[in-house]
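Taking it in order: structure first as structure tokens, then the write-up.
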Amino acid sequence: HKHRLGLHKEFTKLLWIQKYKLYKPDMAQTPDVHSEAVQAALERQCERKMAVPMPSKRRSLVVQTSMEAYTPPDSSSGSEGEGSLGRTGGAGVEAWISQALRGSSSSTTSSSSSHSNGSLVLLFNVWVCVCVFAFILLSAYCSDCVGVPVSSRVSAKIHQLVNTLKRPKRRPLREFFVDDFEELLEVQQPDPSLPRPEGADSLITQGEELCGLKNCPASMEAALQRWGAIAPKAPCLTVTHANTKQPYTLTYGKLWSRSMKVAYYILHKLGTKQEPIVRPGDRVALVYPNNDPAAFMVAFYGCLLAEVVPVPIEVPLTKKDAGSQQIGFLLGSCGVAVALTSDACHKGLPKSLSGDIMQFKGWPKLLWVVTESKHLSKPPREWYPLIKDANNDTAYIEYKTCKDGSVLGVTVTRMAMLTHCQTLTHTCGYKEAETLVNVLDFKKDVGLWHGILTSVLNMLHVVSVPYALMKVNPLSWIQKVCQYKGNHANHLPPITHTHTHTKKQTLHPLNSYHTQSLCLSLSLCLSALVCVVKPEAVPQLCKTDEIGEICVSSIATGTSYYGLTGMTKNTFEVCPVSSSGGLVSECVFVRSGLLGFVGPGGAIFVTGKMDGLMQVAGRRHNADDIVATALAVEPMKFVYRGRIAVFSITVLHDERIVVVAEQRPDSTEEESFQWMSRVLQAIDGIHQVGVYCLALVPSNTLPKTPLGGIHLSETKQLFQEGAMHPCNVLMCPHSCVTNLPKPRQKQPEVGPASVMVGNLVAGKRMAQACGRDLSQGEDNDQVCFLFLSEVLQWRAQTTPDHILYTLINSRGAVGSSLTCLQLHKRAEKIAAMLFERGQLRDGDHVALVYPPGLDLIAAFYGCLYAGCIPITVRPPHPQNISTTLPTVSRSACVMTTQAICKLLRSKEASAAVDLRSWPPVLDTDDLPKRRSPLLYKPSDPESLAYLDFSVSTTGMLAGVKMSHSATSALCRSIKLQCELYPSREVAVCLDPYCGLGFVVWCLCSVYAGHQSVLIPPAELEVNPALWLLSVSQFKVRDTFCSYSVMELCTKTLERCIHNRGIWLIVTCVVVAEERPRISLTQSFSKLFKDVGLHPRAVSTAFGCRVNLAVCLQGTSGPDPTTVFVDMRALRHDRVRLVERGSPHSLPMMESGKILPGVRIIIANPETKGPIGDSHLGEIWVHSSQNASGYFSVFGEENVRSDHFSARLSFGDTQTVWARTGYLGFLRRTELTDASGERHDALYVVGALDEAMELRGMRYHPIDIETSIIRTHKSITECAVFTWTKLLVVVVELDGSEQEALDLVPMVTNVVLEEHYLIVGVVVIVDTGVIPINSRGEKQRMHLRDGFLADQLDPIYVAYNM
């Protein structure tokens, strides 16, 4: 306390300028408190070595900027709230630091003279000591912590990341209970390490009375009138310029006369005498550039003389100026209709083609008035403004930018304006004819109070130094002080202040303030009451050792936010209360937005701003402190000193710190990343808080305030919208997100018998359902045929000319067709060729390598006629021929066309497979002329008919064995469900090589007799409208397609919908082996609704490896139902139905009606016990159309043999079921089917093999991918997978590569917010990189293998820490 009083006495003698020379500070007198704290923190950090894997970036994304063509930005400008520039010049920093190092170890005791010399420490403010020691210590310990050699392989980097994340977090999660499936977030508790306030309640402090100034004018207009009359030639304002242009001086006489002109013009020349546009009391905007304070001063006082309320705003240079729209909202709320501006500014405003000033977004329509004297008429002699004494009328409205970017208008009365000027005059000791150098913005805050208002009250000579001149020469303001022999300087507000030092242990900080300098503001406001209250909602007085928000009760404050009654009451009408809840004063206080405390002798100590507060994990931190620590790492080397923005965003119910800095163009990628790593460690060690995101952007790209500072709210908005385009990003969610839900602890499973008894007691039925009887509605003439080959022979005899297949080419015309007889004869010739040329026996495997068309169908039935086992194989592409050849090489014979035959014998094929071990290749373009003498007839219906090979979504290539009886049962079931008859026509746009697509393409027409209009999906790449045009042309009522076809039509035909006849479609079935994509089907239905497509016509089918068609909507039956389930419950393997629009609701669409002859039961995948209705479990199927088993070319037939012979562990243990490997649930609806019974709806959730076990919960990739895709407009597709317990997200970018890094924080945020998961790796790739199969399903495991092998050629790979 004694030390503080000594400082207070000595610092009252402080003068920045003595005889116009700047003294150097004596750093020997700087206390060591700060440096000791920083050193201790960094030593602790040095023990925690952290190897950070460097992100991978494509070469085209690394842009080397030419230094010769580069214009450096304002490297020393302050943040948004500052109107100042740099605290020091760049050249003097190193010398100052070296001097500080030499004097830091000396004693801190000094005489009053030494205090006077050392007082210039205030020029460096908070980060004086932090810069010095953090720079040295961080350079020492970070050189071996971060510079770790990183392997170029992705897997090595992930291993490095995993090893880094193994170190314990700062604070372990607290224990809490998990109630059912509700995921409770950790409630942030106050940090026990924070010091508690121990003092008594603080008191309201009153400043000394403002003594009446001698000969003080009664109002500001009276002051202007006085000086304009008695000292017309006295200089009022001198405007300097950045170029060689001579300074311009405005005298008090000119100011008075020109203000008279402006006042007269506003009142009498705008509009008519009967209907003037502006009346006294109206609001008028003042739009003047920062280099023209003279014109602004004239217009401001002209408005005061006309009793019009001026609203000073910034000049809108473009439509996208930072905060311009919010300024427009302020003008609209104030009812501004006229804008005053200068001639030069009017010419520079953006114009429309007609020459009028462009209408800015959010701005009201304005009448622009130029206030130069040459444009104004001289008022008549008899007109004279009415000079009144100061009253409570509004004098002007000053705009204020809030933390969220909104702009408010603070109203200042004429009495408050005059009293404020008198207070500043008394405190600063202004006298007449003194010179004041002003560097600040003259339109608001300190620049307006001193440079425009107080100067006129005291007849001061103001020398204005514009921002453009300060940018070129930061020391120009000192030169102007010397040149004009200035008595005062407005450079860093406040202009008179002292320093003291407080220890963290003696004050209870609401911020994370460590040992630092605290600024004393104006000692105490004159004739004012000051108190410190808690920043929370209730304005309770703080303790004496507690920091809070400073509140002031004075005549000289603003009175309200214009037009905002509620916010005015919370800010301008504050009534402080004591700890007991009683009022402590009858006066009304105003919140200042400043944090601080009242010190000894009534001195006000300001520690920060409310707008800079960030509350993270229950502790408050100040943005300026974070900036100071970041700058202390490598000052002036990698980033620009004044071009750093620190703000917080809300992610997962807590604030997260984001640091954005402009990177110097000469810094390399490695240097920048090392600097970022060091900054993270420095902030973690000094402030005990983790940085969520650190981003570096190119120079001159962050939005600026009028005086060159960073526009914080606009920067935050760009970051949240993904439009900031950084060049380097480092995310650290693992280290700073500590409020995740507790990992789920799996409880011992309840036995299946207990589950069944519990459901019965609760009145719930077991989850099982079945389709109708397969024998219903069967054609009696066709019942006797058990084999498809016999059905084809029968149709060739009974209806030889009936067309079964029609192939459509890319132009929409009929390419070729096959009748029953033509198909039969061609199949006979193929069978003969297999006997003669292939020398094949019964049961040999034949690979059918054909493009989608009629040749594939004929070859398939030719194999059936010959008794061979057909295997349909997609034709190899020259680029991926090696992936197809293993399947082909295991067969006894290969049948294909002549073109594909040449490809199989090419050099690429011989390089992949030894051609000498290959089976014979038969060209079916050259068929024998005679037919086979005897067609093969299978003896056993359970014998193998064909092999269905497919690549599952988990990346497994395996075939299933389809018997003759299963094939016939499947075709019969589809015929009954879709009511297929010879008179029907069905359009098929599917991949014809596996699954239900092959069945619909090749088998169903022969069995049911209907005509299939075949549309190869590859033709849609040439003509996207081919599918819908064919549907319209043939007037088809039923069509089958895949998700990829529907997505292509939705994207490409959105702007050219001209297809008529779509209204004829009764059923449009999407064939897939996944959860229905409800968003895509709804978009398709909505898009084509106007051309007649009924929403109920679009449905989905579900099939899997064990049963190619489990569900299919068909033509009859109830419409597909959609329910909404709780996504959080789904992670716990439970189903909870919620209302639409509920939080965490997830839409689930029915997968189609269960096919005839199919029984379904939902079983627990672990206990194999039955589950009740509306409970999540594995879908088991019992049907005659089930496949017989797996067949793999790699000898893995017995890997999952239990899939086809599963039995329940309780209940019906005799029935043999097939396990689909998919999770889902059954729900009995209120609808009725054709038989009159209640409809059982099956909902498919996802594949068991693809589900990710994270934090003890089961996540389905499609849920996370859906959240990510809607995050940013440039994300076209994404896929997620896990590796070594890390969640990897691969995102396809449809846009410029410069947008790639914008996606990293957005992807991390959305996964945290919606799924409570931390993304480990974010990979940005080009469109089309994520592999998909023929049904449009993502091959996530193939993608994972390609990523780990570094084969994706990513644009950017971010490893989140």
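All residue names refer to the structure tokens as shown: chains lettered A, B, ... in order, residues numbered from 1 in each chain, ligands numbered from 1 in order.
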
Within 10 Å of region 1074-1078 of chain A, counting only C-alpha atoms, which residues qualify if same-chain residues fewer than 4 places away don't, as a PyMOL selection string? chain A and resi 953+1043+1070+1082-1084+1099-1104+1122+1147-1152+1222-1224+1243-1247+1262+1266+1335+1337

Excluding Asn1023 (chain A) and its own-chain neighbours fewer than 5 positions away, which residues fall within 9 Å of it when counting only C-alpha atoms? Please give them as a list in words.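 My list of contacting residues is Ser810, Arg811 and Gly812 of chain A.
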
Kindly indicate which residue among A:Leu330, A:Val465, A:Val239, A:Leu386 lies nearest to Gly409 (chain A), using only C-alpha atoms for the distances.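 Among A:Leu330, A:Val465, A:Val239, A:Leu386, it is A:Leu330 that comes nearest to Gly409 (chain A).
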
Of the candidates A:Ala306, A:Ile686, A:Leu947, A:Val1280, which shows the shortest atom-to-atom distance to Tyr384 (chain A), using only C-alpha atoms?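 Answer, going by the shortest atom-to-atom distance: A:Ala306.
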
Could you list, as a list in words, every residue within 10 Å of Gly1328 (chain A), counting only C-alpha atoms and ignoring same-chain residues fewer than 3 positions away?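 Those residues are Thr1276, Glu1277, Glu1292, Leu1293, Asp1294, Val1325, Pro1331 and Ile1332 of chain A.
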
Residues near region 565-568 of chain A, anyone? I mean within 10 Å using only C-alpha atoms, not counting same-chain ones fewer than 4 positions away, as a PyMOL selection string. chain A and resi 408+410+559-561+572-574+590

Export, as a CSV table (one decimal), in the first residue's frame, the selected residues with N, CA and C atoms.
```csv
chain,number,residue,atom,x,y,z
A,408,LEU,N,-25.3,0.2,-31.9
A,408,LEU,CA,-26.3,0.9,-31.1
A,408,LEU,C,-25.9,2.4,-31.2
A,410,VAL,N,-25.9,5.8,-29.0
A,410,VAL,CA,-25.9,6.3,-27.7
A,410,VAL,C,-26.2,7.8,-27.8
A,559,THR,N,-27.3,9.0,-22.1
A,559,THR,CA,-28.6,8.8,-21.5
A,559,THR,C,-29.4,7.6,-21.9
A,560,SER,N,-29.1,7.1,-23.1
A,560,SER,CA,-29.9,6.0,-23.5
A,560,SER,C,-29.4,5.4,-24.8
A,561,TYR,N,-29.8,4.2,-25.2
A,561,TYR,CA,-29.6,3.7,-26.5
A,561,TYR,C,-30.9,4.1,-27.3
A,572,PHE,N,-28.2,2.0,-18.8
A,572,PHE,CA,-28.2,3.4,-18.3
A,572,PHE,C,-29.0,3.6,-17.1
A,573,GLU,N,-29.7,2.6,-16.6
A,573,GLU,CA,-30.6,2.8,-15.4
A,573,GLU,C,-30.3,1.7,-14.4
A,574,VAL,N,-29.0,1.6,-14.0
A,574,VAL,CA,-28.6,0.5,-13.1
A,574,VAL,C,-28.7,1.0,-11.7
A,590,VAL,N,-24.7,4.2,-14.7
A,590,VAL,CA,-24.5,3.8,-16.1
A,590,VAL,C,-23.4,2.8,-16.2
```

From region 1229-1303 of chain A, collect each residue whose DSSP state is strand (DSSP E) and return the set as a VMD selection string. chain A and resid 1229 to 1232 1238 to 1247 1252 to 1254 1257 to 1259 1275 to 1283 1286 to 1293

Could you name the residues that touch Gly228 (chain A) at 12 Å or less, counting only C-alpha atoms, but leaving out those on the same chain fewer than 3 positions away, as a list of chain:residue names?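 Neighbouring residues, sequence-local ones excluded: A:Glu221, A:Ala222, A:Ala223, A:Leu224, A:Gln225, A:Ala231, A:Pro232, A:Lys233, A:Ala234, A:Pro235, A:Cys236, A:Leu250, A:Thr251, A:Tyr252, A:Gly253, A:Lys254, A:Leu255, A:Trp256, A:Ser257, A:Arg258, A:Ser259, A:Met260, A:Val456, A:Leu457, A:Met459.
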
Write the residues you've just listed into a file as an mmCIF file, in the first residue's frame, and include N, CA, C and O atoms for each of them.
```
data_model
loop_
_atom_site.group_PDB
_atom_site.id
_atom_site.type_symbol
_atom_site.label_atom_id
_atom_site.label_comp_id
_atom_site.auth_asym_id
_atom_site.auth_seq_id
_atom_site.Cartn_x
_atom_site.Cartn_y
_atom_site.Cartn_z
ATOM 1 N N GLU A 221 -22.730 25.947 -28.631
ATOM 2 C CA GLU A 221 -22.999 26.929 -29.677
ATOM 3 C C GLU A 221 -22.568 28.326 -29.246
ATOM 4 O O GLU A 221 -22.046 29.121 -30.056
ATOM 5 N N ALA A 222 -22.777 28.622 -27.960
ATOM 6 C CA ALA A 222 -22.346 29.923 -27.450
ATOM 7 C C ALA A 222 -20.831 30.048 -27.486
ATOM 8 O O ALA A 222 -20.288 31.130 -27.759
ATOM 9 N N ALA A 223 -20.117 28.944 -27.199
ATOM 10 C CA ALA A 223 -18.656 28.978 -27.271
ATOM 11 C C ALA A 223 -18.190 29.247 -28.687
ATOM 12 O O ALA A 223 -17.273 30.050 -28.923
ATOM 13 N N LEU A 224 -18.809 28.595 -29.659
ATOM 14 C CA LEU A 224 -18.432 28.812 -31.055
ATOM 15 C C LEU A 224 -18.733 30.240 -31.469
ATOM 16 O O LEU A 224 -17.944 30.874 -32.186
ATOM 17 N N GLN A 225 -19.874 30.755 -31.040
ATOM 18 C CA GLN A 225 -20.215 32.139 -31.374
ATOM 19 C C GLN A 225 -19.214 33.110 -30.772
ATOM 20 O O GLN A 225 -18.797 34.077 -31.427
ATOM 21 N N ALA A 231 -12.216 36.135 -31.865
ATOM 22 C CA ALA A 231 -10.932 35.636 -32.381
ATOM 23 C C ALA A 231 -11.176 34.908 -33.689
ATOM 24 O O ALA A 231 -10.948 33.702 -33.795
ATOM 25 N N PRO A 232 -11.636 35.629 -34.713
ATOM 26 C CA PRO A 232 -11.987 34.924 -35.959
ATOM 27 C C PRO A 232 -10.784 34.342 -36.684
ATOM 28 O O PRO A 232 -10.921 33.386 -37.440
ATOM 29 N N LYS A 233 -9.594 34.936 -36.472
ATOM 30 C CA LYS A 233 -8.421 34.432 -37.180
ATOM 31 C C LYS A 233 -7.613 33.430 -36.361
ATOM 32 O O LYS A 233 -6.555 32.979 -36.794
ATOM 33 N N ALA A 234 -8.088 33.105 -35.191
ATOM 34 C CA ALA A 234 -7.384 32.115 -34.372
ATOM 35 C C ALA A 234 -7.533 30.749 -35.017
ATOM 36 O O ALA A 234 -8.626 30.360 -35.443
ATOM 37 N N PRO A 235 -6.419 29.981 -35.097
ATOM 38 C CA PRO A 235 -6.519 28.649 -35.732
ATOM 39 C C PRO A 235 -7.353 27.698 -34.872
ATOM 40 O O PRO A 235 -7.162 27.599 -33.658
ATOM 41 N N CYS A 236 -8.253 27.035 -35.516
ATOM 42 C CA CYS A 236 -9.115 26.066 -34.832
ATOM 43 C C CYS A 236 -8.668 24.639 -35.116
ATOM 44 O O CYS A 236 -8.553 23.830 -34.204
ATOM 45 N N LEU A 250 -8.234 25.616 -40.487
ATOM 46 C CA LEU A 250 -9.580 26.163 -40.351
ATOM 47 C C LEU A 250 -9.577 27.091 -39.139
ATOM 48 O O LEU A 250 -9.272 26.655 -38.029
ATOM 49 N N THR A 251 -9.937 28.360 -39.351
ATOM 50 C CA THR A 251 -9.990 29.317 -38.250
ATOM 51 C C THR A 251 -11.363 29.283 -37.603
ATOM 52 O O THR A 251 -12.325 28.723 -38.146
ATOM 53 N N TYR A 252 -11.445 29.905 -36.424
ATOM 54 C CA TYR A 252 -12.724 29.944 -35.728
ATOM 55 C C TYR A 252 -13.739 30.808 -36.461
ATOM 56 O O TYR A 252 -14.950 30.560 -36.392
ATOM 57 N N GLY A 253 -13.255 31.822 -37.163
ATOM 58 C CA GLY A 253 -14.182 32.644 -37.948
ATOM 59 C C GLY A 253 -14.789 31.860 -39.092
ATOM 60 O O GLY A 253 -15.996 31.934 -39.360
ATOM 61 N N LYS A 254 -13.938 31.072 -39.789
ATOM 62 C CA LYS A 254 -14.459 30.251 -40.877
ATOM 63 C C LYS A 254 -15.388 29.156 -40.348
ATOM 64 O O LYS A 254 -16.403 28.840 -40.970
ATOM 65 N N LEU A 255 -15.040 28.604 -39.231
ATOM 66 C CA LEU A 255 -15.906 27.568 -38.656
ATOM 67 C C LEU A 255 -17.278 28.126 -38.321
ATOM 68 O O LEU A 255 -18.312 27.497 -38.582
ATOM 69 N N TRP A 256 -17.317 29.338 -37.766
ATOM 70 C CA TRP A 256 -18.597 29.954 -37.411
ATOM 71 C C TRP A 256 -19.421 30.274 -38.647
ATOM 72 O O TRP A 256 -20.620 29.950 -38.721
ATOM 73 N N SER A 257 -18.816 30.881 -39.647
ATOM 74 C CA SER A 257 -19.572 31.285 -40.836
ATOM 75 C C SER A 257 -20.037 30.080 -41.637
ATOM 76 O O SER A 257 -21.171 30.038 -42.123
ATOM 77 N N ARG A 258 -19.193 29.093 -41.790
ATOM 78 C CA ARG A 258 -19.582 27.927 -42.575
ATOM 79 C C ARG A 258 -20.632 27.082 -41.839
ATOM 80 O O ARG A 258 -21.523 26.502 -42.474
ATOM 81 N N SER A 259 -20.518 27.040 -40.533
ATOM 82 C CA SER A 259 -21.551 26.324 -39.776
ATOM 83 C C SER A 259 -22.891 27.014 -39.919
ATOM 84 O O SER A 259 -23.941 26.355 -39.955
ATOM 85 N N MET A 260 -22.868 28.341 -39.970
ATOM 86 C CA MET A 260 -24.120 29.093 -40.206
ATOM 87 C C MET A 260 -24.718 28.701 -41.556
ATOM 88 O O MET A 260 -25.946 28.512 -41.665
ATOM 89 N N VAL A 456 -13.208 23.391 -28.922
ATOM 90 C CA VAL A 456 -13.969 24.617 -29.213
ATOM 91 C C VAL A 456 -14.343 25.320 -27.918
ATOM 92 O O VAL A 456 -14.355 26.568 -27.850
ATOM 93 N N LEU A 457 -14.633 24.586 -26.874
ATOM 94 C CA LEU A 457 -14.969 25.204 -25.596
ATOM 95 C C LEU A 457 -13.811 26.040 -25.067
ATOM 96 O O LEU A 457 -14.020 27.075 -24.436
ATOM 97 N N MET A 459 -11.108 27.142 -27.091
ATOM 98 C CA MET A 459 -10.398 27.798 -28.192
ATOM 99 C C MET A 459 -8.995 27.198 -28.388
ATOM 100 O O MET A 459 -7.993 27.899 -28.507
#
```

Just the residues within 8 Å of region 971-980 of chain A, please, counting only C-alpha atoms, with nothing from its chain fewer than 3 positions along; format it as a list in words. Leu774, Gly777, Glu778, Thr967, Ser968, Arg984, Val999, Leu1003, Cys1004, Tyr1007, Ala1008, Gly1009, His1010, Leu1112, Gln1113, Gly1114, Thr1115, Ser1116, Leu1155, Pro1156 and Gly1157 of chain A

Write a file of the just-selected residues containing all heavy atoms, as a compact mmCIF listing (two decimals), in the first residue's frame.
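Output file result_22.txt follows:
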```
# COMPACT_ATOMS: atom_id res chain seq x y z
N LEU A 774 -46.93 -66.71 -49.96
CA LEU A 774 -46.33 -66.65 -51.29
C LEU A 774 -47.21 -67.31 -52.35
O LEU A 774 -47.11 -66.98 -53.54
CB LEU A 774 -44.96 -67.33 -51.26
CG LEU A 774 -44.06 -67.12 -52.48
CD1 LEU A 774 -43.77 -65.65 -52.67
CD2 LEU A 774 -42.76 -67.90 -52.32
N GLY A 777 -52.42 -65.74 -55.31
CA GLY A 777 -52.43 -65.03 -56.58
C GLY A 777 -51.49 -65.59 -57.61
O GLY A 777 -51.23 -64.95 -58.62
N GLU A 778 -50.95 -66.79 -57.44
CA GLU A 778 -50.00 -67.35 -58.40
C GLU A 778 -50.73 -67.85 -59.64
O GLU A 778 -51.83 -68.41 -59.56
CB GLU A 778 -49.22 -68.48 -57.74
CG GLU A 778 -48.13 -69.07 -58.62
CD GLU A 778 -47.08 -68.06 -58.97
OE1 GLU A 778 -46.56 -67.39 -58.06
OE2 GLU A 778 -46.80 -67.91 -60.16
N THR A 967 -34.15 -68.59 -56.32
CA THR A 967 -34.32 -67.64 -57.42
C THR A 967 -35.77 -67.57 -57.86
O THR A 967 -36.33 -66.49 -58.07
CB THR A 967 -33.42 -68.04 -58.59
OG1 THR A 967 -32.06 -68.13 -58.15
CG2 THR A 967 -33.53 -67.05 -59.73
N SER A 968 -36.41 -68.72 -57.99
CA SER A 968 -37.82 -68.74 -58.39
C SER A 968 -38.70 -68.10 -57.32
O SER A 968 -39.64 -67.36 -57.63
CB SER A 968 -38.26 -70.18 -58.65
OG SER A 968 -37.50 -70.76 -59.70
N ARG A 984 -47.82 -55.37 -68.44
CA ARG A 984 -47.18 -54.25 -67.74
C ARG A 984 -45.84 -53.92 -68.38
O ARG A 984 -45.19 -54.75 -69.03
CB ARG A 984 -46.96 -54.58 -66.26
CG ARG A 984 -48.23 -54.87 -65.49
CD ARG A 984 -48.98 -53.59 -65.17
NE ARG A 984 -48.23 -52.75 -64.28
CZ ARG A 984 -48.27 -52.86 -62.94
NH1 ARG A 984 -49.04 -53.79 -62.38
NH2 ARG A 984 -47.58 -52.04 -62.18
N VAL A 999 -31.58 -58.93 -60.38
CA VAL A 999 -32.84 -59.68 -60.42
C VAL A 999 -33.86 -58.95 -61.28
O VAL A 999 -34.54 -59.56 -62.12
CB VAL A 999 -33.36 -59.90 -58.99
CG1 VAL A 999 -34.74 -60.55 -59.01
CG2 VAL A 999 -32.39 -60.76 -58.19
N LEU A 1003 -34.02 -61.28 -64.49
CA LEU A 1003 -34.82 -62.44 -64.11
C LEU A 1003 -36.31 -62.18 -64.11
O LEU A 1003 -37.10 -63.04 -64.54
CB LEU A 1003 -34.39 -62.94 -62.72
CG LEU A 1003 -32.89 -63.19 -62.52
CD1 LEU A 1003 -32.64 -63.73 -61.13
CD2 LEU A 1003 -32.35 -64.12 -63.58
N CYS A 1004 -36.75 -61.04 -63.60
CA CYS A 1004 -38.18 -60.84 -63.36
C CYS A 1004 -39.00 -60.84 -64.64
O CYS A 1004 -40.15 -61.32 -64.66
CB CYS A 1004 -38.40 -59.53 -62.60
SG CYS A 1004 -37.90 -59.65 -60.87
N TYR A 1007 -39.74 -64.39 -65.70
CA TYR A 1007 -40.66 -65.08 -64.81
C TYR A 1007 -42.07 -64.50 -64.88
O TYR A 1007 -43.04 -65.23 -64.97
CB TYR A 1007 -40.14 -65.01 -63.37
CG TYR A 1007 -40.91 -65.89 -62.42
CD1 TYR A 1007 -40.49 -67.20 -62.20
CD2 TYR A 1007 -42.04 -65.43 -61.77
CE1 TYR A 1007 -41.19 -68.03 -61.33
CE2 TYR A 1007 -42.75 -66.26 -60.91
CZ TYR A 1007 -42.33 -67.55 -60.70
OH TYR A 1007 -43.03 -68.37 -59.85
N ALA A 1008 -42.20 -63.16 -64.84
CA ALA A 1008 -43.53 -62.53 -64.81
C ALA A 1008 -44.08 -62.22 -66.19
O ALA A 1008 -45.29 -62.05 -66.34
CB ALA A 1008 -43.48 -61.25 -63.98
N GLY A 1009 -43.23 -62.08 -67.19
CA GLY A 1009 -43.69 -61.83 -68.54
C GLY A 1009 -43.86 -60.38 -68.90
O GLY A 1009 -44.28 -60.06 -70.03
N HIS A 1010 -43.58 -59.45 -68.03
CA HIS A 1010 -43.76 -58.04 -68.35
C HIS A 1010 -42.58 -57.55 -69.19
O HIS A 1010 -41.53 -58.18 -69.28
CB HIS A 1010 -43.85 -57.21 -67.07
CG HIS A 1010 -42.58 -57.24 -66.25
ND1 HIS A 1010 -42.32 -58.25 -65.35
CD2 HIS A 1010 -41.51 -56.41 -66.21
CE1 HIS A 1010 -41.16 -58.03 -64.78
NE2 HIS A 1010 -40.65 -56.92 -65.29
N LEU A 1112 -40.01 -54.27 -50.25
CA LEU A 1112 -40.25 -53.55 -51.51
C LEU A 1112 -41.67 -53.03 -51.44
O LEU A 1112 -42.60 -53.79 -51.12
CB LEU A 1112 -40.04 -54.49 -52.70
CG LEU A 1112 -39.83 -53.88 -54.08
CD1 LEU A 1112 -39.05 -54.85 -54.96
CD2 LEU A 1112 -41.15 -53.55 -54.74
N GLN A 1113 -41.86 -51.77 -51.73
CA GLN A 1113 -43.15 -51.13 -51.48
C GLN A 1113 -44.27 -51.73 -52.32
O GLN A 1113 -45.34 -52.05 -51.81
CB GLN A 1113 -43.05 -49.62 -51.74
CG GLN A 1113 -44.30 -48.86 -51.44
CD GLN A 1113 -44.73 -48.96 -49.98
OE1 GLN A 1113 -43.89 -49.15 -49.10
NE2 GLN A 1113 -46.02 -48.87 -49.72
N GLY A 1114 -44.05 -51.89 -53.60
CA GLY A 1114 -45.10 -52.45 -54.44
C GLY A 1114 -46.18 -51.45 -54.80
O GLY A 1114 -46.12 -50.26 -54.46
N THR A 1115 -47.20 -51.97 -55.49
CA THR A 1115 -48.26 -51.08 -55.97
C THR A 1115 -49.41 -50.94 -54.99
O THR A 1115 -50.16 -49.97 -55.05
CB THR A 1115 -48.81 -51.62 -57.30
OG1 THR A 1115 -49.24 -52.99 -57.10
CG2 THR A 1115 -47.74 -51.60 -58.37
N SER A 1116 -49.61 -51.90 -54.14
CA SER A 1116 -50.72 -51.85 -53.18
C SER A 1116 -50.16 -51.77 -51.78
O SER A 1116 -48.99 -52.01 -51.54
CB SER A 1116 -51.62 -53.07 -53.33
OG SER A 1116 -50.88 -54.24 -53.05
N LEU A 1155 -41.81 -58.38 -48.26
CA LEU A 1155 -42.20 -59.18 -49.41
C LEU A 1155 -42.97 -60.43 -48.99
O LEU A 1155 -42.79 -60.94 -47.87
CB LEU A 1155 -40.96 -59.59 -50.19
CG LEU A 1155 -40.32 -58.50 -51.07
CD1 LEU A 1155 -39.01 -58.98 -51.63
CD2 LEU A 1155 -41.26 -58.10 -52.20
N PRO A 1156 -43.81 -60.95 -49.87
CA PRO A 1156 -44.50 -62.21 -49.57
C PRO A 1156 -43.51 -63.34 -49.35
O PRO A 1156 -42.49 -63.44 -50.03
CB PRO A 1156 -45.36 -62.44 -50.82
CG PRO A 1156 -45.55 -61.09 -51.42
CD PRO A 1156 -44.29 -60.34 -51.13
N GLY A 1157 -43.83 -64.17 -48.37
CA GLY A 1157 -42.98 -65.30 -48.08
C GLY A 1157 -41.77 -64.97 -47.22
O GLY A 1157 -40.90 -65.83 -47.04
```

To one decimal place in Å, what is the distance between CA of Leu821 (chain A) and CA of Ala796 (chain A)?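 Taking CA of Leu821 (chain A) as the start and CA of Ala796 (chain A) as the end point, the length is 4.5 Å.
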
Identify, on the basis of only C-alpha atoms, every residue whose closest approach to Ala723 (chain A) does not exceed 9 Å; exclude the query and any residue fewer than 5 positions from it along the same chain; express the result as a PyMOL selection string. chain A and resi 717-718+1299+1302

Using only C-alpha atoms, find the one residue out of A:Ser580, A:Gln793, A:Ser377, A:Ser891 that sits nearest to Pro870 (chain A).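 Using only C-alpha atoms, the shortest distance to Pro870 (chain A) belongs to A:Ser891.
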